[in-house]
There are 2 protein chains.
Amino acid sequence: MPDRARRIPEATVARLPVYLRSLAELLDEKESTVSSERLAEMAGVNAAKVRKDLSYLGSYGTRGVGYDVEYLLFQMSRELGLTHDWPVVIMGAGNLGQALANYGGFTERGFPVAALIDADPDKVGRQYHGVQVHHVDELPRLAEEKGIAIGIIATPASAAQAVADQLLEAGIRSILNFAPAVITVPPEASLRKVDLALELQILSFYQQHAPDPAR
Amino acid sequence: MPDRARRIPEATVARLPVYLRSLAELLDEKESTVSSERLAEMAGVNAAKVRKDLSYLGSYGTRGVGYDVEYLLFQMSRELGLTHDWPVVIMGAGNLGQALANYGGFTERGFPVAALIDADPDKVGRQYHGVQVHHVDELPRLAEEKGIAIGIIATPASAAQAVADQLLEAGIRSILNFAPAVITVPPEASLRKVDLALELQILSFYQQHAPDPAR
DNA sequence: ACGACTTTGTGAACGTGTGCACTAGCGGGG
DNA sequence: CCCCGCTAGTGCACACGTTCACAAAGTCGT
Ligand SMILES: NC(=O)c1ccc[n+]([C@@H]2O[C@H](COP(=O)([O-])OP(=O)(O)OC[C@H]3O[C@@H](n4cnc5c(N)ncnc54)[C@H](O)[C@@H]3O)[C@@H](O)[C@H]2O)c1
Ligand SMILES: NC(=O)c1ccc[n+]([C@@H]2O[C@H](COP(=O)([O-])OP(=O)(O)OC[C@H]3O[C@@H](n4cnc5c(N)ncnc54)[C@H](O)[C@@H]3O)[C@@H](O)[C@H]2O)c1
């Protein structure tokens with residue numbers, strides 16, 4: 001591994017998509033270059049952080065001018081692996097699973113929903129927004145055939161770990177978990193979680209400890 | 001401010017809800033005490049971190065024994081401000097707003113959906129899962145009457161900042177944003193965001209940089 | 001061709017978070 | 001009653017992340 005030194009910090013990786021979105025806006029507005037200052041304002045961070053973050057990608061800026069919007073957008077897409085689509089599978093065709101399948105925003109951003117999976121025989125065979133519901137047993141075949149690399153867990157919390165294990169079994173090593181449960185994966189896999197109740201509880205904490213308890 | 005020293009670090013606050021969930025499970029299983037080791041395993045963190053985190057709440061453990069599950073659960077609920085309900089308002093009665101209103105998990109955890117708000121006159125007056133859709137103009141009155149302290153933004157990204165401003169105007173200082181847009185709030189307000197596309201892009205990055213590019 | 005101006009890229013200081021390893025202290029058994 | 005085993009609480013070193021401040025390096029106007 002030649003460029004071990006240029007390993008990108010986790011905190012930076014988490015901000016890259018925000019810069020990406022800002023750059024896409026700028027491209028829409030036909031801006032050809034952008035300064036770290038401007039980009040910082042759009043991304044809601046400070047300018048030094050933008051420069052340091054971008055420097056991990058390489059020296060793509062021009063001193064005295066700024067960054068070329070289109071070129072930086074390309075380089076960043078490449079780094080994020082967004083030059084091609086990543087089909088995803090949604091585990092659990094309930095309330096949330098259906099809502100996600102209905103949502104066009106994923107396909108639009110390069111994450112087409114290739115399949116829904118459910119354990120309930122009544123749901124298998126149905127379709128939501130053109131996405132077919134399959135039985136769990138078909139997961140390995142589907143993953144292989146459709147080149148699915150990302151799994152989204154939208155089952156009840158009690159099934160979450162088992163479902164994660166099935167995903168890993170099928171060779172899917174990137175997992176986004178919506179169930180309010182702690183799940184563990186081997187170190188070579190990536191796991192991110194979205195937990196709405198947890199977010200609300202954090203807001204509750206700061207509300208509770210606010211200097212002026214508004215209401 | 002007497003106990004400035006016992007200010008709880010942000011990272012710790014973000015973990016408290018996870019401990020809380022673990023404690024609730026233990027209570028279900030009729031466990032009366034728990035060690036930091038066990039709690040750490042359930043929460044997916046290391047034991048020293050659990051002990052340090054809990055020490056910010058006070059010295060609620062007993063050396064040689066562990067923590068009393070019920071007592072710790074109570075103290076933590078108190079600290080998180082979960083001893084009473086926090087009614088929430090959902091801004092935007094579209095796909096996502098409706099799905100969230102339908103979801104029982106919020107009410108169950110003490111965050112009842114008090115109202116939906118939409119700018120579209122066709123939606124105003126409708127009901128989803130028993131939740132009434134109101135016009136934006138009614139927000140201040142509703143906030144006041146129902147004691148709403150938390151707002152959830154589920155509108156298109158283009159409206160997000162304007163909607164956030166309306167929430168703040170109505171005295172709501174805790175905001176959870178689902179729209180893929182950077183919004184800014186004054187320092188006395190709290191803002192958290194949930195951005196699914198961003199999470200997928202982060203997964204894409206690590207997939208792209210995986211030692212063995214599985215597929 | 002040059003100097004004034006702009007903006008990047010980065011070294012260094014600082015702050016926050018993590019985890020080890022040890023001490024303090026409780027309970028239970030002999 | 002005392003000692004042994006266990007586990008909470010915490011000081012400390014280290015890793016990671018953020019921010020400042022400045023030199024380096026480019027542009028643009030004259
Ligand atoms: N609905 C929401 O708005 C919302 C919001 C936040 C979090 N969540 C969380 O998302 C998860 C799903 O929520 P939901 O409202 O869609 O629940 P749901 O009960 O409507 O759907 C769950 C689906 O998963 C399927 N399922 C169960 N076990 C399975 C297994 N082992 N393999 C495959 N499929 C299985 C069920 O058949 C069902 O169709 C829950 O953990 C919930 O807490 C939901
Ligand atoms: N649907 C999903 O699964 C999903 C997933 C992730 C993120 N999101 C994000 O959540 C947001 C909402 O998504 P959606 O699918 O529900 O969109 P949607 O178009 O179905 O709903 C948006 C709703 O907001 C209302 N609205 C527009 N401007 C408003 C304003 N100023 N004040 C109040 N209401 C207003 C519209 O009338 C509409 O009812 C989007 O930003 C989207 O990117 C949605």
# chains A, B, ... in the order shown; residues from 1 in each chain; ligands from 1

call {"tool": "closest_atom_pairs", "arguments": {"of": "chain B", "to": "chain A", "cutoff": "8 Å", "atoms": "only C-alpha atoms", "output": "CSV"}}
result
residue,atom,partner,partner_atom,distance
B:Val13,CA,A:Ile202,CA,6.7
B:Ala14,CA,A:Ile202,CA,6.3
B:Pro17,CA,A:Leu198,CA,5.8
B:Val18,CA,A:Leu198,CA,7.5
B:Met42,CA,A:Val182,CA,7.2
B:Ala43,CA,A:Val182,CA,6.3
B:Gly44,CA,A:Val182,CA,6.5
B:Glu79,CA,A:Phe205,CA,6.9
B:Leu80,CA,A:Phe205,CA,4.4
B:Gly81,CA,A:Gln208,CA,5.4
B:Leu82,CA,A:Ser204,CA,7.2
B:Trp86,CA,A:Ser204,CA,7.6
B:Asn95,CA,A:Ala99,CA,7.0
B:Leu96,CA,A:Ala99,CA,7.2
B:Ala99,CA,A:Ala99,CA,6.9
B:Tyr103,CA,A:Asn95,CA,7.8
B:Gly105,CA,A:Ala197,CA,7.7
B:Phe106,CA,A:Ala197,CA,6.5
B:Arg109,CA,A:Ala197,CA,7.1
B:Phe111,CA,A:Leu200,CA,7.8
B:Gly147,CA,A:Arg215,CA,6.7
B:Ala149,CA,A:Arg215,CA,7.1
B:Ile150,CA,A:Leu203,CA,7.8
B:Gly171,CA,A:Ala214,CA,7.4
B:Arg173,CA,A:Gln207,CA,7.8
B:Ser174,CA,A:Leu203,CA,6.0
B:Ile175,CA,A:Leu203,CA,7.6
B:Leu176,CA,A:Leu200,CA,7.5
B:Val182,CA,A:Ala43,CA,6.3
B:Ile183,CA,A:Gly44,CA,7.7
B:Thr184,CA,A:Gly44,CA,7.4
B:Glu188,CA,A:Ala210,CA,7.7
B:Ser190,CA,A:Leu203,CA,6.7
B:Leu191,CA,A:Leu203,CA,7.8
B:Arg192,CA,A:Glu199,CA,7.1
B:Val194,CA,A:Val194,CA,7.2
B:Ala197,CA,A:Phe106,CA,6.5
B:Leu198,CA,A:Pro17,CA,5.8
B:Glu199,CA,A:Arg192,CA,7.1
B:Leu200,CA,A:Leu176,CA,7.5
B:Gln201,CA,A:Pro17,CA,6.6
B:Ile202,CA,A:Ala14,CA,6.3
B:Leu203,CA,A:Ser174,CA,6.0
B:Ser204,CA,A:Gly81,CA,5.8
B:Phe205,CA,A:Leu80,CA,4.4
B:Tyr206,CA,A:Ser190,CA,7.1
B:Gln207,CA,A:Ser174,CA,6.9
B:Gln208,CA,A:Gly81,CA,5.4
B:Ala210,CA,A:Glu188,CA,7.8
B:Ala214,CA,A:Gly171,CA,7.4
B:Arg215,CA,A:Gly147,CA,6.7

call {"tool": "interface_residues", "arguments": {"of": "chain C", "to": "chain A", "cutoff": "9 Å", "atoms": "only C-alpha atoms (C1' of nucleotides)", "output": "PyMOL selection string"}}
result
chain C and resi 5-10

call {"tool": "residues_around", "arguments": {"residues": "DA4 in chain C", "least_positions_apart": "6", "cutoff": "12 Å", "atoms": "only C-alpha atoms (C1' of nucleotides)", "output": "PyMOL selection string"}}
result
chain D and resi 27-30

call {"tool": "residues_near_ligand", "arguments": {"ligand": "ligand 1", "cutoff": "6 Å", "atoms": "only C-alpha atoms (C1' of nucleotides) and all ligand atoms", "output": "PDB file with N, CA, C and O atoms, in the first residue's frame"}}
result
ATOM      1  N   MET A  91     -33.892  -4.879   3.749  1.00  0.00           N
ATOM      2  CA  MET A  91     -34.349  -6.034   4.514  1.00  0.00           C
ATOM      3  C   MET A  91     -35.539  -5.618   5.378  1.00  0.00           C
ATOM      4  O   MET A  91     -35.398  -4.809   6.300  1.00  0.00           O
ATOM      5  N   GLY A  92     -36.718  -6.185   5.076  1.00  0.00           N
ATOM      6  CA  GLY A  92     -37.923  -5.817   5.823  1.00  0.00           C
ATOM      7  C   GLY A  92     -38.807  -4.907   4.996  1.00  0.00           C
ATOM      8  O   GLY A  92     -38.478  -3.744   4.788  1.00  0.00           O
ATOM      9  N   ALA A  93     -39.918  -5.457   4.507  1.00  0.00           N
ATOM     10  CA  ALA A  93     -40.810  -4.681   3.636  1.00  0.00           C
ATOM     11  C   ALA A  93     -42.001  -4.156   4.424  1.00  0.00           C
ATOM     12  O   ALA A  93     -43.147  -4.249   3.974  1.00  0.00           O
ATOM     13  N   GLY A  94     -41.741  -3.632   5.615  1.00  0.00           N
ATOM     14  CA  GLY A  94     -42.819  -3.066   6.426  1.00  0.00           C
ATOM     15  C   GLY A  94     -43.000  -1.594   6.108  1.00  0.00           C
ATOM     16  O   GLY A  94     -42.689  -1.132   5.009  1.00  0.00           O
ATOM     17  N   ASN A  95     -43.517  -0.882   7.097  1.00  0.00           N
ATOM     18  CA  ASN A  95     -43.706   0.550   6.997  1.00  0.00           C
ATOM     19  C   ASN A  95     -42.511   1.282   6.412  1.00  0.00           C
ATOM     20  O   ASN A  95     -42.607   1.953   5.393  1.00  0.00           O
ATOM     21  N   LEU A  96     -41.391   1.107   7.099  1.00  0.00           N
ATOM     22  CA  LEU A  96     -40.178   1.832   6.739  1.00  0.00           C
ATOM     23  C   LEU A  96     -39.609   1.332   5.412  1.00  0.00           C
ATOM     24  O   LEU A  96     -39.263   2.124   4.535  1.00  0.00           O
ATOM     25  N   GLY A  97     -39.526   0.014   5.265  1.00  0.00           N
ATOM     26  CA  GLY A  97     -38.974  -0.569   4.045  1.00  0.00           C
ATOM     27  C   GLY A  97     -39.723  -0.083   2.812  1.00  0.00           C
ATOM     28  O   GLY A  97     -39.107   0.300   1.805  1.00  0.00           O
ATOM     29  N   ILE A 117     -36.492  -7.560   0.811  1.00  0.00           N
ATOM     30  CA  ILE A 117     -36.500  -8.934   1.325  1.00  0.00           C
ATOM     31  C   ILE A 117     -37.394  -8.970   2.561  1.00  0.00           C
ATOM     32  O   ILE A 117     -37.315  -8.078   3.409  1.00  0.00           O
ATOM     33  N   ASP A 118     -38.268  -9.986   2.635  1.00  0.00           N
ATOM     34  CA  ASP A 118     -39.085 -10.121   3.836  1.00  0.00           C
ATOM     35  C   ASP A 118     -39.243 -11.591   4.195  1.00  0.00           C
ATOM     36  O   ASP A 118     -39.216 -12.464   3.331  1.00  0.00           O
ATOM     37  N   ALA A 119     -39.395 -11.828   5.495  1.00  0.00           N
ATOM     38  CA  ALA A 119     -39.550 -13.202   5.957  1.00  0.00           C
ATOM     39  C   ALA A 119     -41.015 -13.636   5.881  1.00  0.00           C
ATOM     40  O   ALA A 119     -41.326 -14.824   5.854  1.00  0.00           O
ATOM     41  N   ASP A 120     -41.903 -12.675   5.835  1.00  0.00           N
ATOM     42  CA  ASP A 120     -43.343 -12.954   5.830  1.00  0.00           C
ATOM     43  C   ASP A 120     -43.797 -13.423   4.440  1.00  0.00           C
ATOM     44  O   ASP A 120     -43.713 -12.676   3.470  1.00  0.00           O
ATOM     45  N   ALA A 154     -34.349  -2.831   7.886  1.00  0.00           N
ATOM     46  CA  ALA A 154     -35.596  -2.160   8.271  1.00  0.00           C
ATOM     47  C   ALA A 154     -36.572  -3.178   8.854  1.00  0.00           C
ATOM     48  O   ALA A 154     -37.762  -3.144   8.583  1.00  0.00           O
ATOM     49  N   THR A 155     -36.023  -4.078   9.646  1.00  0.00           N
ATOM     50  CA  THR A 155     -36.836  -5.092  10.323  1.00  0.00           C
ATOM     51  C   THR A 155     -36.992  -4.675  11.790  1.00  0.00           C
ATOM     52  O   THR A 155     -36.324  -3.741  12.240  1.00  0.00           O
ATOM     53  N   PRO A 156     -37.841  -5.366  12.540  1.00  0.00           N
ATOM     54  CA  PRO A 156     -37.894  -5.084  13.978  1.00  0.00           C
ATOM     55  C   PRO A 156     -36.526  -5.319  14.622  1.00  0.00           C
ATOM     56  O   PRO A 156     -35.707  -6.097  14.107  1.00  0.00           O
ATOM     57  N   ALA A 157     -36.285  -4.637  15.726  1.00  0.00           N
ATOM     58  CA  ALA A 157     -34.995  -4.709  16.408  1.00  0.00           C
ATOM     59  C   ALA A 157     -34.612  -6.147  16.746  1.00  0.00           C
ATOM     60  O   ALA A 157     -33.444  -6.529  16.651  1.00  0.00           O
ATOM     61  N   ALA A 159     -34.942  -8.786  15.174  1.00  0.00           N
ATOM     62  CA  ALA A 159     -34.396  -9.572  14.062  1.00  0.00           C
ATOM     63  C   ALA A 159     -33.106  -8.974  13.508  1.00  0.00           C
ATOM     64  O   ALA A 159     -32.449  -9.582  12.664  1.00  0.00           O
ATOM     65  N   VAL A 163     -30.498 -10.652  10.752  1.00  0.00           N
ATOM     66  CA  VAL A 163     -30.543 -10.132   9.391  1.00  0.00           C
ATOM     67  C   VAL A 163     -29.160  -9.645   8.962  1.00  0.00           C
ATOM     68  O   VAL A 163     -28.730  -9.899   7.828  1.00  0.00           O
ATOM     69  N   PHE A 178     -31.450   0.643  10.600  1.00  0.00           N
ATOM     70  CA  PHE A 178     -32.491   1.534  11.099  1.00  0.00           C
ATOM     71  C   PHE A 178     -33.153   1.013  12.367  1.00  0.00           C
ATOM     72  O   PHE A 178     -33.922   1.720  13.006  1.00  0.00           O
ATOM     73  N   ALA A 179     -32.884  -0.242  12.688  1.00  0.00           N
ATOM     74  CA  ALA A 179     -33.534  -0.829  13.863  1.00  0.00           C
ATOM     75  C   ALA A 179     -32.853  -0.328  15.131  1.00  0.00           C
ATOM     76  O   ALA A 179     -31.633  -0.193  15.173  1.00  0.00           O
ATOM     77  N   PRO A 180     -33.633  -0.042  16.162  1.00  0.00           N
ATOM     78  CA  PRO A 180     -33.039   0.437  17.411  1.00  0.00           C
ATOM     79  C   PRO A 180     -32.428  -0.717  18.190  1.00  0.00           C
ATOM     80  O   PRO A 180     -32.948  -1.139  19.217  1.00  0.00           O
ATOM     81  N   LEU A 196     -33.790   7.139  15.099  1.00  0.00           N
ATOM     82  CA  LEU A 196     -34.548   8.374  15.285  1.00  0.00           C
ATOM     83  C   LEU A 196     -34.848   8.647  16.751  1.00  0.00           C
ATOM     84  O   LEU A 196     -34.709   9.781  17.216  1.00  0.00           O
TER      85      LEU A 196
ATOM     86  N   ALA B  99     -45.123   8.723   6.953  1.00  0.00           N
ATOM     87  CA  ALA B  99     -44.527   7.495   7.496  1.00  0.00           C
ATOM     88  C   ALA B  99     -44.165   7.678   8.967  1.00  0.00           C
ATOM     89  O   ALA B  99     -44.417   6.806   9.802  1.00  0.00           O
ATOM     90  N   LEU B 100     -43.608   8.845   9.286  1.00  0.00           N
ATOM     91  CA  LEU B 100     -43.217   9.113  10.665  1.00  0.00           C
ATOM     92  C   LEU B 100     -44.446   9.209  11.569  1.00  0.00           C
ATOM     93  O   LEU B 100     -44.435   8.700  12.693  1.00  0.00           O
ATOM     94  N   TYR B 103     -45.726   5.869  12.450  1.00  0.00           N
ATOM     95  CA  TYR B 103     -44.829   5.040  13.242  1.00  0.00           C
ATOM     96  C   TYR B 103     -45.133   5.188  14.735  1.00  0.00           C
ATOM     97  O   TYR B 103     -45.081   6.283  15.293  1.00  0.00           O
TER      98      TYR B 103
END

call {"tool": "residues_around", "arguments": {"residues": "DC22 in chain C", "least_positions_apart": "3", "cutoff": "12 Å", "atoms": "only C-alpha atoms (C1' of nucleotides)", "output": "PyMOL selection string"}}
result
chain D and resi 9-12

call {"tool": "atom_distance", "arguments": {"atom1": "atom 41 (O, counted along the ligand's line) of ligand 2", "atom2": "CA of Ser32 in chain A"}}
result
26.4 Å

call {"tool": "closest_residue", "arguments": {"among": "A:Leu167, A:Val185, A:Leu139, A:Ala101", "to": "ligand 2", "atoms": "only C-alpha atoms and all ligand atoms"}}
result
A:Ala101

call {"tool": "interface_residues", "arguments": {"of": "chain D", "to": "chain B", "cutoff": "8 Å", "atoms": "only C-alpha atoms (C1' of nucleotides)", "output": "MDAnalysis selection string"}}
result
chainID D and resid 6:9

call {"tool": "write_last_selection", "arguments": {"atoms": "all heavy atoms", "output": "PDB file, in the first residue's frame"}}
result
ATOM      1  P    DC D   6     -13.139 -13.081  41.602  1.00  0.00           P
ATOM      2  OP1  DC D   6     -13.633 -14.360  41.066  1.00  0.00           O
ATOM      3  OP2  DC D   6     -11.837 -12.514  41.178  1.00  0.00           O
ATOM      4  O5'  DC D   6     -14.241 -11.967  41.332  1.00  0.00           O
ATOM      5  C5'  DC D   6     -15.341 -11.786  42.225  1.00  0.00           C
ATOM      6  C4'  DC D   6     -15.727 -10.329  42.232  1.00  0.00           C
ATOM      7  O4'  DC D   6     -14.834  -9.581  43.096  1.00  0.00           O
ATOM      8  C3'  DC D   6     -15.633  -9.643  40.855  1.00  0.00           C
ATOM      9  O3'  DC D   6     -16.918  -9.157  40.525  1.00  0.00           O
ATOM     10  C2'  DC D   6     -14.624  -8.521  41.051  1.00  0.00           C
ATOM     11  C1'  DC D   6     -14.665  -8.298  42.553  1.00  0.00           C
ATOM     12  N1   DC D   6     -13.420  -7.728  43.130  1.00  0.00           N
ATOM     13  C2   DC D   6     -13.509  -6.551  43.889  1.00  0.00           C
ATOM     14  O2   DC D   6     -14.618  -6.011  44.046  1.00  0.00           O
ATOM     15  N3   DC D   6     -12.378  -6.023  44.444  1.00  0.00           N
ATOM     16  C4   DC D   6     -11.207  -6.632  44.244  1.00  0.00           C
ATOM     17  N4   DC D   6     -10.134  -6.077  44.812  1.00  0.00           N
ATOM     18  C5   DC D   6     -11.082  -7.832  43.486  1.00  0.00           C
ATOM     19  C6   DC D   6     -12.210  -8.340  42.943  1.00  0.00           C
ATOM     20  P    DT D   7     -17.292  -8.768  39.008  1.00  0.00           P
ATOM     21  OP1  DT D   7     -18.640  -9.310  38.727  1.00  0.00           O
ATOM     22  OP2  DT D   7     -16.141  -9.040  38.128  1.00  0.00           O
ATOM     23  O5'  DT D   7     -17.423  -7.204  39.146  1.00  0.00           O
ATOM     24  C5'  DT D   7     -18.278  -6.657  40.148  1.00  0.00           C
ATOM     25  C4'  DT D   7     -17.976  -5.196  40.292  1.00  0.00           C
ATOM     26  O4'  DT D   7     -16.731  -5.010  41.016  1.00  0.00           O
ATOM     27  C3'  DT D   7     -17.782  -4.441  38.970  1.00  0.00           C
ATOM     28  O3'  DT D   7     -18.388  -3.181  39.111  1.00  0.00           O
ATOM     29  C2'  DT D   7     -16.286  -4.304  38.864  1.00  0.00           C
ATOM     30  C1'  DT D   7     -15.959  -4.059  40.333  1.00  0.00           C
ATOM     31  N1   DT D   7     -14.547  -4.220  40.704  1.00  0.00           N
ATOM     32  C2   DT D   7     -14.040  -3.366  41.655  1.00  0.00           C
ATOM     33  O2   DT D   7     -14.709  -2.512  42.212  1.00  0.00           O
ATOM     34  N3   DT D   7     -12.707  -3.551  41.947  1.00  0.00           N
ATOM     35  C4   DT D   7     -11.857  -4.481  41.384  1.00  0.00           C
ATOM     36  O4   DT D   7     -10.678  -4.548  41.732  1.00  0.00           O
ATOM     37  C5   DT D   7     -12.454  -5.347  40.392  1.00  0.00           C
ATOM     38  C7   DT D   7     -11.611  -6.380  39.712  1.00  0.00           C
ATOM     39  C6   DT D   7     -13.749  -5.164  40.100  1.00  0.00           C
ATOM     40  P    DA D   8     -18.750  -2.278  37.834  1.00  0.00           P
ATOM     41  OP1  DA D   8     -20.132  -2.569  37.498  1.00  0.00           O
ATOM     42  OP2  DA D   8     -17.710  -2.372  36.792  1.00  0.00           O
ATOM     43  O5'  DA D   8     -18.684  -0.849  38.513  1.00  0.00           O
ATOM     44  C5'  DA D   8     -19.459  -0.606  39.683  1.00  0.00           C
ATOM     45  C4'  DA D   8     -18.848   0.519  40.496  1.00  0.00           C
ATOM     46  O4'  DA D   8     -17.504   0.163  40.892  1.00  0.00           O
ATOM     47  C3'  DA D   8     -18.740   1.840  39.759  1.00  0.00           C
ATOM     48  O3'  DA D   8     -19.038   2.882  40.685  1.00  0.00           O
ATOM     49  C2'  DA D   8     -17.292   1.890  39.294  1.00  0.00           C
ATOM     50  C1'  DA D   8     -16.578   1.093  40.365  1.00  0.00           C
ATOM     51  N9   DA D   8     -15.440   0.297  39.886  1.00  0.00           N
ATOM     52  C8   DA D   8     -15.465  -0.717  38.977  1.00  0.00           C
ATOM     53  N7   DA D   8     -14.281  -1.268  38.751  1.00  0.00           N
ATOM     54  C5   DA D   8     -13.430  -0.559  39.578  1.00  0.00           C
ATOM     55  C6   DA D   8     -12.050  -0.649  39.807  1.00  0.00           C
ATOM     56  N6   DA D   8     -11.258  -1.543  39.196  1.00  0.00           N
ATOM     57  N1   DA D   8     -11.508   0.204  40.695  1.00  0.00           N
ATOM     58  C2   DA D   8     -12.307   1.097  41.317  1.00  0.00           C
ATOM     59  N3   DA D   8     -13.619   1.271  41.184  1.00  0.00           N
ATOM     60  C4   DA D   8     -14.134   0.411  40.290  1.00  0.00           C
ATOM     61  P    DG D   9     -19.257   4.352  40.122  1.00  0.00           P
ATOM     62  OP1  DG D   9     -20.124   5.068  41.085  1.00  0.00           O
ATOM     63  OP2  DG D   9     -19.636   4.270  38.702  1.00  0.00           O
ATOM     64  O5'  DG D   9     -17.799   4.952  40.220  1.00  0.00           O
ATOM     65  C5'  DG D   9     -17.251   5.214  41.500  1.00  0.00           C
ATOM     66  C4'  DG D   9     -15.844   5.752  41.357  1.00  0.00           C
ATOM     67  O4'  DG D   9     -14.990   4.723  40.817  1.00  0.00           O
ATOM     68  C3'  DG D   9     -15.706   6.955  40.417  1.00  0.00           C
ATOM     69  O3'  DG D   9     -14.923   7.917  41.118  1.00  0.00           O
ATOM     70  C2'  DG D   9     -14.979   6.383  39.201  1.00  0.00           C
ATOM     71  C1'  DG D   9     -14.137   5.295  39.836  1.00  0.00           C
ATOM     72  N9   DG D   9     -13.728   4.199  38.964  1.00  0.00           N
ATOM     73  C8   DG D   9     -14.521   3.461  38.124  1.00  0.00           C
ATOM     74  N7   DG D   9     -13.864   2.520  37.481  1.00  0.00           N
ATOM     75  C5   DG D   9     -12.562   2.649  37.935  1.00  0.00           C
ATOM     76  C6   DG D   9     -11.402   1.903  37.590  1.00  0.00           C
ATOM     77  O6   DG D   9     -11.287   0.962  36.807  1.00  0.00           O
ATOM     78  N1   DG D   9     -10.268   2.364  38.282  1.00  0.00           N
ATOM     79  C2   DG D   9     -10.278   3.399  39.180  1.00  0.00           C
ATOM     80  N2   DG D   9      -9.113   3.695  39.738  1.00  0.00           N
ATOM     81  N3   DG D   9     -11.348   4.098  39.508  1.00  0.00           N
ATOM     82  C4   DG D   9     -12.454   3.665  38.848  1.00  0.00           C
TER      83       DG D   9
END

call {"tool": "residues_around", "arguments": {"residues": "DC3 in chain D", "least_positions_apart": "5", "cutoff": "12 Å", "atoms": "only C-alpha atoms (C1' of nucleotides)", "output": "compact mmCIF listing (two decimals) with N, CA and C atoms (P, O5', C5', C4', C3', O3' and C1' of nucleotides), in the first residue's frame"}}
result
# COMPACT_ATOMS: atom_id res chain seq x y z
P DG C 27 -22.00 -3.24 50.42
O5' DG C 27 -21.62 -4.74 50.04
C5' DG C 27 -21.72 -5.19 48.69
C4' DG C 27 -21.34 -6.65 48.65
C3' DG C 27 -22.04 -7.51 49.71
O3' DG C 27 -22.34 -8.76 49.12
C1' DG C 27 -19.70 -7.64 50.00
P DG C 28 -23.29 -9.81 49.78
O5' DG C 28 -22.58 -11.19 49.38
C5' DG C 28 -21.34 -11.20 48.66
C4' DG C 28 -20.45 -12.31 49.16
C3' DG C 28 -21.10 -13.35 50.09
O3' DG C 28 -20.47 -14.59 49.84
C1' DG C 28 -19.37 -12.30 51.23
P DG C 29 -21.05 -15.96 50.40
O5' DG C 29 -19.73 -16.88 50.52
C5' DG C 29 -18.47 -16.40 50.03
C4' DG C 29 -17.34 -16.89 50.93
C3' DG C 29 -17.67 -18.09 51.81
O3' DG C 29 -16.49 -18.88 51.95
C1' DG C 29 -17.13 -16.28 53.19
P DG C 30 -16.52 -20.35 52.48
O5' DG C 30 -15.28 -20.40 53.46
C5' DG C 30 -14.10 -19.62 53.20
C4' DG C 30 -13.43 -19.29 54.52
C3' DG C 30 -13.50 -20.41 55.57
O3' DG C 30 -12.23 -20.53 56.19
C1' DG C 30 -14.32 -18.39 56.47

call {"tool": "select_by_dssp", "arguments": {"residues": "range 81-185 of chain B", "states": "alpha helix (DSSP H)", "output": "ChimeraX atom specification"}}
result
/B:95-102,105-108,139-146,157-169

call {"tool": "atom_distance", "arguments": {"atom1": "CA of Val89 in chain B", "atom2": "CA of Asn177 in chain B"}}
result
12.0 Å

call {"tool": "atom_distance", "arguments": {"atom1": "C1' of DC2 in chain C", "atom2": "CA of Thr33 in chain A"}}
result
26.1 Å
